[in-house]
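Chemist: This one is structure_9.txt, compact mmCIF, C-alpha atoms and all ligand atoms.
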# COMPACT_ATOMS: atom_id res chain seq x y z
CA MET A 18 0.00 0.00 0.00
CA ARG A 19 1.16 3.51 -0.78
CA ILE A 20 1.98 5.84 2.07
CA SER A 21 1.03 9.50 1.56
CA ARG A 22 2.69 12.57 2.97
CA GLN A 23 1.17 14.13 6.07
CA LYS A 24 -1.46 16.87 5.89
CA GLY A 25 0.07 20.32 5.79
CA THR A 26 3.48 19.12 4.54
CA LYS A 27 4.85 19.20 1.02
CA ASP A 28 7.59 17.87 -1.23
CA ILE A 29 9.48 20.70 -2.85
CA PHE A 30 11.02 20.04 -6.26
CA GLY A 31 11.01 21.14 -9.91
CA GLU A 32 10.08 24.78 -10.51
CA ASP A 33 9.41 25.37 -6.78
CA ILE A 34 12.85 24.31 -5.59
CA LYS A 35 14.38 26.81 -8.02
CA ILE A 36 12.33 29.61 -6.47
CA TRP A 37 13.36 28.48 -2.97
CA GLN A 38 17.02 28.45 -3.99
CA TYR A 39 16.69 31.84 -5.67
CA ILE A 40 15.23 33.35 -2.48
CA GLU A 41 17.77 31.60 -0.27
CA LYS A 42 20.64 32.91 -2.39
CA ASN A 43 19.30 36.45 -1.99
CA ILE A 44 18.86 35.94 1.77
CA ARG A 45 22.46 34.79 2.18
CA GLU A 46 23.75 37.71 0.14
CA ILE A 47 21.65 40.33 1.89
CA CYS A 48 22.46 39.08 5.40
CA SER A 49 26.11 39.10 4.60
CA ALA A 50 25.78 42.62 3.15
CA TYR A 51 24.06 43.73 6.39
CA CYS A 52 26.83 42.07 8.48
CA ILE A 53 24.49 39.58 10.18
CA GLU A 54 25.60 36.11 11.21
CA GLU A 55 23.67 32.89 10.79
CA ILE A 56 22.48 30.81 13.75
CA ARG A 57 21.09 27.26 13.68
CA THR A 58 19.27 25.91 16.70
CA PRO A 59 17.59 22.54 17.48
CA VAL A 60 14.29 21.50 15.90
CA PHE A 61 12.92 20.56 19.32
CA GLU A 62 13.10 22.35 22.65
CA ALA A 63 11.57 22.01 26.12
CA THR A 64 7.84 22.81 25.91
CA GLU A 65 8.33 25.27 28.76
CA LEU A 66 10.41 27.52 26.46
CA TYR A 67 7.38 28.24 24.28
CA ALA A 68 4.90 28.39 27.14
CA ARG A 69 7.02 31.15 28.64
CA GLY A 70 8.64 32.58 25.53
CA VAL A 71 5.63 32.76 23.21
CA GLY A 72 2.98 33.04 25.93
CA ASP A 73 0.56 30.40 27.13
CA ASP A 74 -2.53 32.31 26.07
CA THR A 75 -1.54 32.52 22.39
CA ASP A 76 -2.99 30.41 19.56
CA ILE A 77 0.45 28.95 18.93
CA VAL A 78 0.83 27.55 22.44
CA ASN A 79 -2.83 26.78 23.07
CA LYS A 80 -3.75 25.03 19.87
CA GLU A 81 -0.92 24.66 17.43
CA MET A 82 2.08 22.99 19.04
CA TYR A 83 3.43 19.54 18.24
CA THR A 84 4.12 18.45 21.81
CA PHE A 85 5.00 14.96 23.03
CA LEU A 86 6.72 13.16 25.86
CA ASP A 87 10.04 11.62 24.86
CA LYS A 88 11.16 8.23 26.14
CA GLY A 89 12.72 9.91 29.16
CA GLY A 90 9.38 11.49 30.08
CA ARG A 91 10.39 15.06 29.11
CA SER A 92 7.81 17.32 27.49
CA ILE A 93 9.25 18.23 24.10
CA THR A 94 7.88 20.58 21.42
CA LEU A 95 8.82 20.90 17.75
CA ARG A 96 9.65 24.58 17.28
CA PRO A 97 6.55 26.55 16.24
CA GLU A 98 8.68 29.72 15.81
CA LEU A 99 12.29 30.65 16.39
CA THR A 100 12.53 33.84 18.39
CA ALA A 101 12.22 31.96 21.69
CA GLY A 102 14.83 29.40 20.53
CA VAL A 103 17.29 32.09 19.44
CA VAL A 104 16.82 33.96 22.73
CA ARG A 105 17.43 30.71 24.63
CA ALA A 106 20.62 30.19 22.59
CA TYR A 107 21.67 33.82 23.15
CA ILE A 108 21.36 33.41 26.92
CA GLU A 109 22.74 29.87 27.16
CA ASN A 110 25.83 30.66 25.09
CA GLY A 111 26.65 33.86 26.98
CA MET A 112 26.20 36.04 23.92
CA SER A 113 25.39 39.02 26.13
CA SER A 114 29.15 39.29 26.77
CA LEU A 115 29.83 39.66 23.02
CA THR A 116 30.25 43.08 21.46
CA SER A 117 26.80 44.51 21.14
CA PRO A 118 24.66 44.63 19.03
CA VAL A 119 24.53 40.90 18.31
CA LYS A 120 22.84 40.41 14.93
CA LEU A 121 21.63 36.94 13.96
CA TRP A 122 19.65 35.40 11.10
CA TYR A 123 18.13 31.99 10.54
CA GLU A 124 16.17 30.03 8.01
CA ALA A 125 14.48 26.91 9.32
CA ASN A 126 11.36 24.78 9.31
CA MET A 127 8.63 25.41 11.88
CA TYR A 128 5.79 23.16 12.97
CA ARG A 129 2.25 24.24 13.83
CA TYR A 130 -0.87 22.13 13.93
CA GLU A 131 -3.02 24.49 11.85
CA LYS A 132 -6.12 24.41 9.69
CA MET A 133 -4.75 24.18 6.17
CA GLN A 134 -5.34 26.93 3.63
CA LYS A 135 -3.37 28.70 0.94
CA GLY A 136 -0.13 29.86 2.54
CA ARG A 137 -0.87 28.05 5.81
CA TYR A 138 0.86 24.73 6.40
CA ARG A 139 1.80 22.48 9.30
CA GLU A 140 5.44 22.40 8.29
CA PHE A 141 6.67 25.71 6.89
CA ALA A 142 9.91 27.67 6.80
CA GLN A 143 10.73 31.06 8.17
CA PHE A 144 13.64 33.33 7.43
CA GLY A 145 14.14 35.57 10.42
CA ILE A 146 16.52 38.05 11.97
CA GLU A 147 16.99 39.01 15.62
CA PHE A 148 19.05 42.00 16.79
CA PHE A 149 20.09 42.09 20.46
CA GLY A 150 21.45 45.04 22.41
CA SER A 151 20.04 48.19 20.83
CA LYS A 152 17.13 50.06 22.30
CA SER A 153 17.28 52.72 19.59
CA TYR A 154 14.61 53.01 16.89
CA LEU A 155 17.55 52.86 14.46
CA ALA A 156 17.61 49.09 15.00
CA ASP A 157 13.88 48.88 14.20
CA ILE A 158 14.58 50.77 11.00
CA GLU A 159 17.51 48.54 10.04
CA VAL A 160 15.37 45.42 10.54
CA MET A 161 12.52 46.77 8.39
CA MET A 162 14.98 48.03 5.82
CA LEU A 163 16.47 44.58 5.42
CA ALA A 164 13.06 43.03 4.71
CA TYR A 165 12.30 45.89 2.33
CA ASP A 166 15.63 45.42 0.53
CA LEU A 167 14.96 41.71 0.17
CA PHE A 168 11.60 42.43 -1.48
CA LYS A 169 13.36 44.97 -3.68
CA ARG A 170 15.97 42.42 -4.78
CA LEU A 171 13.17 39.99 -5.59
CA ASN A 172 11.41 42.73 -7.55
CA LEU A 173 8.34 42.56 -5.29
CA LEU A 174 8.03 46.16 -4.07
CA ASP A 175 4.75 46.60 -5.98
CA ASP A 176 3.37 43.37 -4.52
CA ILE A 177 3.68 44.09 -0.81
CA THR A 178 2.63 46.81 1.64
CA LEU A 179 4.39 47.67 4.87
CA ASN A 180 2.02 48.22 7.80
CA ILE A 181 3.39 49.57 11.07
CA ASN A 182 2.15 50.42 14.52
CA SER A 183 3.45 51.13 18.00
CA ILE A 184 2.10 49.22 20.98
CA GLY A 185 3.98 51.38 23.47
CA CYS A 186 5.56 50.20 26.70
CA SER A 187 3.97 48.64 29.78
CA THR A 188 3.12 52.12 31.14
CA CYS A 189 1.20 53.26 28.05
CA ARG A 190 -0.35 49.84 27.70
CA ALA A 191 -1.77 49.70 31.23
CA LYS A 192 -3.74 52.89 30.60
CA TYR A 193 -4.87 51.73 27.18
CA ILE A 194 -5.99 48.29 28.30
CA GLU A 195 -8.25 49.86 30.91
CA LYS A 196 -9.94 51.95 28.18
CA LEU A 197 -10.16 49.00 25.79
CA LYS A 198 -11.87 46.85 28.42
CA GLU A 199 -14.29 49.66 29.25
CA TYR A 200 -15.16 49.90 25.55
CA VAL A 201 -15.64 46.14 25.02
CA LYS A 202 -17.50 45.40 28.27
CA PRO A 203 -21.07 46.16 27.07
CA ASN A 204 -20.55 43.91 24.01
CA LEU A 205 -18.46 41.19 25.60
CA SER A 206 -21.28 38.62 25.25
CA LYS A 207 -21.10 39.01 21.44
CA MET A 208 -17.41 38.11 21.35
CA CYS A 209 -16.00 34.60 20.73
CA ASP A 210 -15.08 32.35 23.66
CA THR A 211 -11.38 32.88 23.09
CA CYS A 212 -11.82 36.65 23.26
CA LYS A 213 -13.77 36.28 26.50
CA VAL A 214 -10.69 34.64 27.98
CA ARG A 215 -8.44 37.24 26.33
CA TYR A 216 -10.57 39.98 27.88
CA GLU A 217 -9.37 38.80 31.29
CA LYS A 218 -5.89 37.50 30.50
CA ASN A 219 -4.53 39.53 27.58
CA PRO A 220 -7.04 42.10 26.28
CA LEU A 221 -4.70 43.45 23.59
CA ARG A 222 -4.89 40.16 21.73
CA MET A 223 -8.62 40.68 21.13
CA LEU A 224 -7.56 43.14 18.42
CA ASP A 225 -5.86 40.28 16.60
CA CYS A 226 -9.00 38.10 16.50
CA LYS A 227 -10.03 36.85 13.07
CA GLU A 228 -13.72 36.19 13.99
CA GLU A 229 -16.10 38.54 12.16
CA ASN A 230 -18.22 39.27 15.27
CA CYS A 231 -15.19 40.27 17.29
CA LYS A 232 -13.84 42.41 14.47
CA HIS A 233 -17.23 44.14 14.32
CA VAL A 234 -17.33 44.88 18.04
CA LEU A 235 -13.81 46.29 17.88
CA GLN A 236 -14.34 48.45 14.83
CA GLU A 237 -14.58 51.69 16.80
CA ALA A 238 -12.34 50.63 19.69
CA PRO A 239 -9.88 53.16 21.13
CA MET A 240 -6.41 52.84 19.66
CA ILE A 241 -3.14 52.28 21.51
CA THR A 242 -1.36 55.03 19.54
CA ASP A 243 -3.57 57.59 21.30
CA PHE A 244 -2.19 56.45 24.66
CA LEU A 245 1.56 56.45 24.02
CA CYS A 246 3.79 58.01 26.68
CA GLU A 247 6.21 60.71 25.61
CA GLU A 248 9.17 58.37 25.03
CA CYS A 249 7.15 55.87 22.99
CA SER A 250 5.50 58.64 21.05
CA ILE A 251 8.83 60.25 20.09
CA ASP A 252 10.15 56.85 19.15
CA PHE A 253 7.22 56.13 16.85
CA GLU A 254 7.55 59.56 15.22
CA ASN A 255 11.24 58.84 14.63
CA VAL A 256 10.44 55.48 13.03
CA LYS A 257 7.89 57.07 10.71
CA SER A 258 10.02 60.04 9.69
CA THR A 259 13.06 57.83 9.04
CA LEU A 260 11.01 55.51 6.84
CA GLU A 261 9.92 58.59 4.92
CA GLU A 262 13.53 59.77 4.64
CA LEU A 263 14.43 56.37 3.24
CA ASN A 264 11.54 56.54 0.81
CA ILE A 265 10.04 53.38 2.25
CA LYS A 266 6.26 53.57 1.86
CA TYR A 267 4.19 52.45 4.85
CA ILE A 268 0.70 52.55 6.29
CA VAL A 269 -0.05 52.95 9.99
CA ASP A 270 -2.35 50.06 10.90
CA LYS A 271 -3.50 50.64 14.46
CA LYS A 272 -4.84 47.10 14.70
CA ILE A 273 -1.47 45.36 14.58
CA VAL A 274 -0.78 44.30 18.14
CA ARG A 275 1.21 41.08 18.34
CA GLY A 276 -0.30 41.21 21.81
CA LEU A 277 2.27 39.44 23.92
CA ASP A 278 3.45 41.16 27.05
CA TYR A 279 7.07 41.37 26.05
CA TYR A 280 6.43 43.03 22.69
CA ASN A 281 6.72 46.80 22.85
CA LYS A 282 7.00 49.88 20.71
CA THR A 283 7.39 49.17 16.98
CA VAL A 284 5.43 46.30 15.42
CA PHE A 285 5.11 45.75 11.68
CA GLU A 286 3.85 43.46 8.95
CA PHE A 287 4.55 43.22 5.24
CA ILE A 288 1.28 42.17 3.60
CA SER A 289 0.91 40.60 0.16
CA ASN A 290 -1.45 42.79 -1.90
CA ASN A 291 -2.60 39.85 -3.98
CA PHE A 292 -2.94 37.14 -1.36
CA ASN A 293 -3.84 39.42 1.52
CA PHE A 294 -1.70 37.53 4.02
CA ALA A 295 1.28 38.68 6.05
CA VAL A 296 4.48 37.49 4.49
CA CYS A 297 6.73 39.02 7.14
CA ALA A 298 5.92 40.09 10.69
CA GLY A 299 8.07 41.50 13.43
CA GLY A 300 8.68 44.01 16.14
CA ARG A 301 10.53 44.99 19.25
CA TYR A 302 10.58 42.66 22.26
CA ASP A 303 12.63 44.30 24.98
CA LYS A 304 11.27 42.12 27.78
CA LEU A 305 11.67 38.63 26.35
CA ILE A 306 15.30 38.03 27.30
CA GLU A 307 14.49 38.75 30.93
CA THR A 308 11.35 36.61 30.77
CA LEU A 309 13.53 33.70 29.68
CA GLY A 310 16.05 34.22 32.49
CA GLY A 311 18.70 36.39 30.80
CA ILE A 312 19.87 39.86 31.71
CA SER A 313 17.57 42.58 30.46
CA THR A 314 18.49 43.22 26.80
CA PRO A 315 16.53 45.19 24.22
CA ALA A 316 15.81 43.29 21.00
CA VAL A 317 14.01 43.56 17.70
CA GLY A 318 13.44 41.17 14.80
CA PHE A 319 11.08 39.60 12.30
CA GLY A 320 9.97 36.26 10.90
CA LEU A 321 9.28 35.93 7.20
CA GLY A 322 7.13 33.10 5.83
CA MET A 323 9.23 31.50 3.09
CA ASP A 324 6.39 29.37 1.71
CA ARG A 325 4.23 32.46 1.31
CA LEU A 326 7.05 34.33 -0.39
CA VAL A 327 7.43 31.40 -2.80
CA LEU A 328 3.69 31.60 -3.64
CA ILE A 329 3.99 35.30 -4.42
CA LEU A 330 7.10 34.84 -6.56
CA LYS A 331 5.76 31.81 -8.36
CA GLU A 332 3.02 33.86 -9.96
CA LYS A 333 5.60 36.28 -11.30
CA LEU A 334 8.28 33.88 -12.40
CA VAL A 335 6.22 31.35 -14.36
CA ASN A 336 8.55 29.73 -16.90
CA LYS A 337 11.33 32.19 -16.14
CA LEU A 338 13.43 29.82 -14.09
CA GLU A 339 14.82 27.24 -16.46
CA LYS A 340 16.78 24.18 -15.67
CA ASN A 341 20.26 25.58 -15.52
CA VAL A 342 22.61 23.67 -17.81
CA ASP A 343 25.38 25.81 -19.24
CA VAL A 344 27.04 23.19 -21.42
CA TYR A 345 25.86 19.78 -22.57
CA PHE A 346 28.41 17.48 -24.16
CA VAL A 347 27.15 15.56 -27.20
CA VAL A 348 29.67 12.81 -27.72
CA LEU A 349 29.65 10.55 -30.76
CA GLU A 350 32.54 8.27 -30.09
CA LYS A 351 32.87 5.97 -27.10
CA LYS A 352 36.57 6.73 -27.00
CA ALA A 353 35.81 10.46 -26.80
CA TYR A 354 34.28 9.95 -23.37
CA THR A 355 37.60 9.82 -21.51
CA VAL A 356 38.94 13.11 -22.81
CA CYS A 357 35.50 14.77 -22.55
CA ARG A 358 35.02 13.67 -18.99
CA ASN A 359 38.23 15.45 -17.96
CA ILE A 360 37.01 18.63 -19.61
CA VAL A 361 33.59 18.27 -17.98
CA SER A 362 35.30 17.97 -14.57
CA SER A 363 37.41 21.00 -15.18
CA LEU A 364 34.38 23.10 -16.27
CA ARG A 365 32.49 21.92 -13.18
CA ASP A 366 35.47 23.02 -11.04
CA ASN A 367 34.84 26.47 -12.52
CA ASN A 368 31.17 26.33 -11.48
CA ILE A 369 29.95 25.95 -15.05
CA ALA A 370 26.85 23.71 -14.93
CA THR A 371 28.03 20.97 -17.27
CA ASP A 372 26.34 17.71 -18.18
CA ILE A 373 27.15 14.65 -20.25
CA ASP A 374 25.18 11.57 -21.29
CA ILE A 375 25.00 8.83 -18.68
CA CYS A 376 22.38 6.68 -20.46
CA ASN A 377 24.54 5.52 -23.37
CA ARG A 378 22.21 7.29 -25.80
CA SER A 379 22.72 7.63 -29.53
CA PHE A 380 24.13 10.87 -30.95
CA ASN A 381 20.66 11.97 -32.09
CA ALA A 382 19.05 11.16 -28.76
CA GLN A 383 21.75 13.21 -27.01
CA LEU A 384 21.01 16.18 -29.27
CA LYS A 385 17.30 15.88 -28.57
CA TYR A 386 17.93 15.74 -24.85
CA ALA A 387 20.18 18.83 -24.96
CA ASN A 388 17.34 20.69 -26.67
CA ARG A 389 14.76 19.53 -24.19
CA ILE A 390 16.74 20.67 -21.15
CA ASN A 391 17.42 24.07 -22.76
CA ALA A 392 21.20 23.75 -22.49
CA LYS A 393 22.75 27.15 -23.21
CA TYR A 394 25.62 25.56 -25.17
CA ILE A 395 26.23 22.18 -26.65
CA CYS A 396 29.73 20.88 -27.20
CA ILE A 397 29.84 18.30 -30.01
CA VAL A 398 32.71 15.85 -30.24
CA GLY A 399 32.56 13.40 -33.15
CA GLU A 400 35.18 11.28 -34.92
CA GLU A 401 36.73 14.15 -36.87
CA GLU A 402 36.84 16.51 -33.88
CA LEU A 403 38.39 13.83 -31.72
CA ASN A 404 41.10 13.16 -34.29
CA ASN A 405 42.22 16.77 -34.49
CA ASN A 406 41.47 17.60 -30.85
CA THR A 407 38.71 20.08 -31.54
CA CYS A 408 35.01 20.42 -30.75
CA ILE A 409 32.06 22.31 -32.10
CA LEU A 410 30.68 24.71 -29.52
CA LYS A 411 27.16 25.80 -30.40
CA ASN A 412 25.42 28.69 -28.68
CA MET A 413 21.84 27.44 -28.47
CA GLN A 414 20.44 30.90 -27.83
CA ASP A 415 21.60 32.51 -31.09
CA GLY A 416 22.34 29.30 -33.04
CA LYS A 417 25.93 30.35 -33.84
CA GLN A 418 28.60 27.69 -33.70
CA ARG A 419 32.40 27.64 -33.79
CA LYS A 420 35.03 25.00 -34.07
CA ILE A 421 37.51 25.46 -31.23
CA ASN A 422 40.22 23.47 -29.47
CA LEU A 423 38.98 20.68 -27.26
CA LEU A 424 40.36 22.36 -24.14
CA SER A 425 38.43 23.46 -21.07
CA GLU A 426 40.18 26.87 -21.10
CA ASP A 427 39.06 27.56 -24.67
CA ILE A 428 35.47 26.48 -23.96
CA LEU A 429 35.45 28.56 -20.79
CA LYS A 430 36.77 31.62 -22.63
CA GLU A 431 34.10 31.33 -25.31
CA ILE A 432 31.32 31.08 -22.71
CA VAL A 433 32.61 33.95 -20.57
CA ILE A 434 32.95 36.29 -23.56
CA ASN A 435 29.33 35.67 -24.49
CA GLU A 436 27.90 36.04 -20.96
P1 LIG B 1 -1.04 34.43 10.97
O1 LIG B 1 -1.73 35.59 11.59
O2 LIG B 1 -1.05 34.42 9.45
O3 LIG B 1 -1.41 33.11 11.57
P2 LIG B 1 1.19 34.53 12.75
O4 LIG B 1 0.99 35.78 13.52
O5 LIG B 1 0.84 33.24 13.36
O6 LIG B 1 0.50 34.65 11.29
P3 LIG B 1 4.04 34.69 12.98
O7 LIG B 1 4.12 33.77 14.11
O8 LIG B 1 4.26 36.13 13.21
O9 LIG B 1 2.67 34.46 12.19
O10 LIG B 1 5.03 34.18 11.84
C1 LIG B 1 5.70 35.06 10.93
C2 LIG B 1 5.37 34.72 9.50
O11 LIG B 1 5.46 33.31 9.27
C3 LIG B 1 3.94 35.05 9.09
O12 LIG B 1 3.82 36.39 8.75
C4 LIG B 1 3.75 34.14 7.90
O13 LIG B 1 4.32 34.70 6.74
C5 LIG B 1 4.53 32.90 8.28
N1 LIG B 1 3.64 31.86 8.80
C6 LIG B 1 3.06 31.77 10.02
N2 LIG B 1 2.33 30.65 10.14
C7 LIG B 1 2.45 29.99 8.95
C8 LIG B 1 1.95 28.74 8.46
N3 LIG B 1 1.19 27.94 9.18
N4 LIG B 1 2.28 28.38 7.18
C9 LIG B 1 3.05 29.17 6.42
N5 LIG B 1 3.57 30.34 6.84
C10 LIG B 1 3.28 30.75 8.09
MG MG B 2 -0.85 31.98 13.19
Please go through the file and, once you have read it, give me the structure as structure tokens.
Ligand code: ATP
Ligand code: MG
Modeler:
Amino acid sequence: MRISRQKGTKDIFGEDIKIWQYIEKNIREICSAYCIEEIRTPVFEATELYARGVGDDTDIVNKEMYTFLDKGGRSITLRPELTAGVVRAYIENGMSSLTSPVKLWYEANMYRYEKMQKGRYREFAQFGIEFFGSKSYLADIEVMMLAYDLFKRLNLLDDITLNINSIGCSTCRAKYIEKLKEYVKPNLSKMCDTCKVRYEKNPLRMLDCKEENCKHVLQEAPMITDFLCEECSIDFENVKSTLEELNIKYIVDKKIVRGLDYYNKTVFEFISNNFNFAVCAGGRYDKLIETLGGISTPAVGFGLGMDRLVLILKEKLVNKLEKNVDVYFVVLEKKAYTVCRNIVSSLRDNNIATDIDICNRSFNAQLKYANRINAKYICIVGEEELNNNTCILKNMQDGKQRKINLLSEDILKEIVINE
């Protein structure tokens, strides 16, 4: 009997894997250009890390975690997100003694038991960055700028919108929450059961509710930005004016809350205009390091949904990402294989994507194959060419061909000149 893959997971290959690799290449380049170092942490952690680090009244912790007891009786959870894991690693490895700011990036798979829909899976990948040690809004800007630059490199600036908000600090929030509760109280019975719990435990999160009834009740709710203290207010003004200076377009969306206690000040989301989902979400979380037992350290970061980014790009790149074969060797003579294989190796050493028949096909079948895979060049070596140590190098894009020496340097030169 056939065994199928699990709900919410996928096999990535063909056209999709090319888009993944294209994004990943850009991520590596941009992180290196921004002087950020990669971090890799374990797939599973103690459940307690997420209960404390994400918050035990969030959807993630309440409903979505893959949690199990291991054979030693420990409660283990597959990471549903990575900020808590990176903070744990930051504390555990004494990174607070490193020169600050410490700037880290990751790309890894996450696991959440979710209801499936477009752009929502049970195994999905996030690219994220976390900056530790700066309480200045300049760090918030740098983090948003990196995401913006990535979208720019991927030619997606017209496809996404940056939404920002400030959720203040615990002082501004205390005042605001009082007002929010006052506003909701008369209509609390119309809200969903989860919001009724949120009303008591974490009222800010009501603003994040996706239920229509709750959204309706909250339509005219007071907004946190009207309750910011002087420091938070100046900070938010600085963020906005710097984005304007940088020519980064944004919208203030007063409903973004990311309502966990340790989030503060700037929060933001990049939304896909077409798909209407957040592709990247982040903010400042100055209290999390303390919450997880480290010394108080300001921090800011984001998580970007790779699978969602792939969906957005896929629409734009249909048929644009070909199989990448630079040179395909079409070899007539069995005895030509030995000399050709050496040249193939040498071209591969130079990172030229080079291929040669491994199916013992006829000359014609090799030609047909080279056409089908859209090889940029074919290098033909028949009896005559072999005898006088030459080959015919044909540029498949313009159809021009030249007889040149059967030497990797000469083939390389010809390709480089035409690039
Ligand atoms: P949503 O409101 O869409 O559920 P979230 O607030 O749970 O998002 P975060 O925890 O902030 O999402 O994760 C950051 C990003 O990771 C999201 O903006 C999204 O792009 C991506 N993401 C989150 N959950 C999933 C999922 N189940 N499948 C694919 N991508 C996801
Ligand atoms: Mg979610």
Chemist: Residues within 8 Å of ligand MG 2 (chain B) should be enumerated using only C-alpha atoms and all ligand atoms and returned as a ChimeraX atom specification.
Modeler: /A:76-77,131
Chemist: List as an NGL selection string the protein and nucleic acid residues lying within 9 Å of ligand LIG 1 (chain B), with only C-alpha atoms and all ligand atoms counted.
Modeler: :A and (25 or 76-77 or 97-98 or 127-145 or 225 or 227 or 275 or 286-288 or 294-299 or 319-326)
Chemist: Can you pull out the residues contacting segment 161-174 of chain A? Cut-off 9 Å, using all atoms listed in the file, and skip same-chain residues under 5 positions away; I want them as a PyMOL selection string.
Modeler: chain A and resi 39-40+43-44+47-48+51+156+179+260+263+265+285+287+297+299+318-319+321+329-330
Chemist: Take atom CA of Val348 of chain A and atom CA of Tyr394 of chain A and report the distance between them in Å, one decimal.
Modeler: 13.6 Å
Chemist: Which is closer to Trp122 of chain A than all the others in A:Thr75, A:Thr308, A:Thr100, A:Thr314, using only C-alpha atoms?
Modeler: A:Thr100
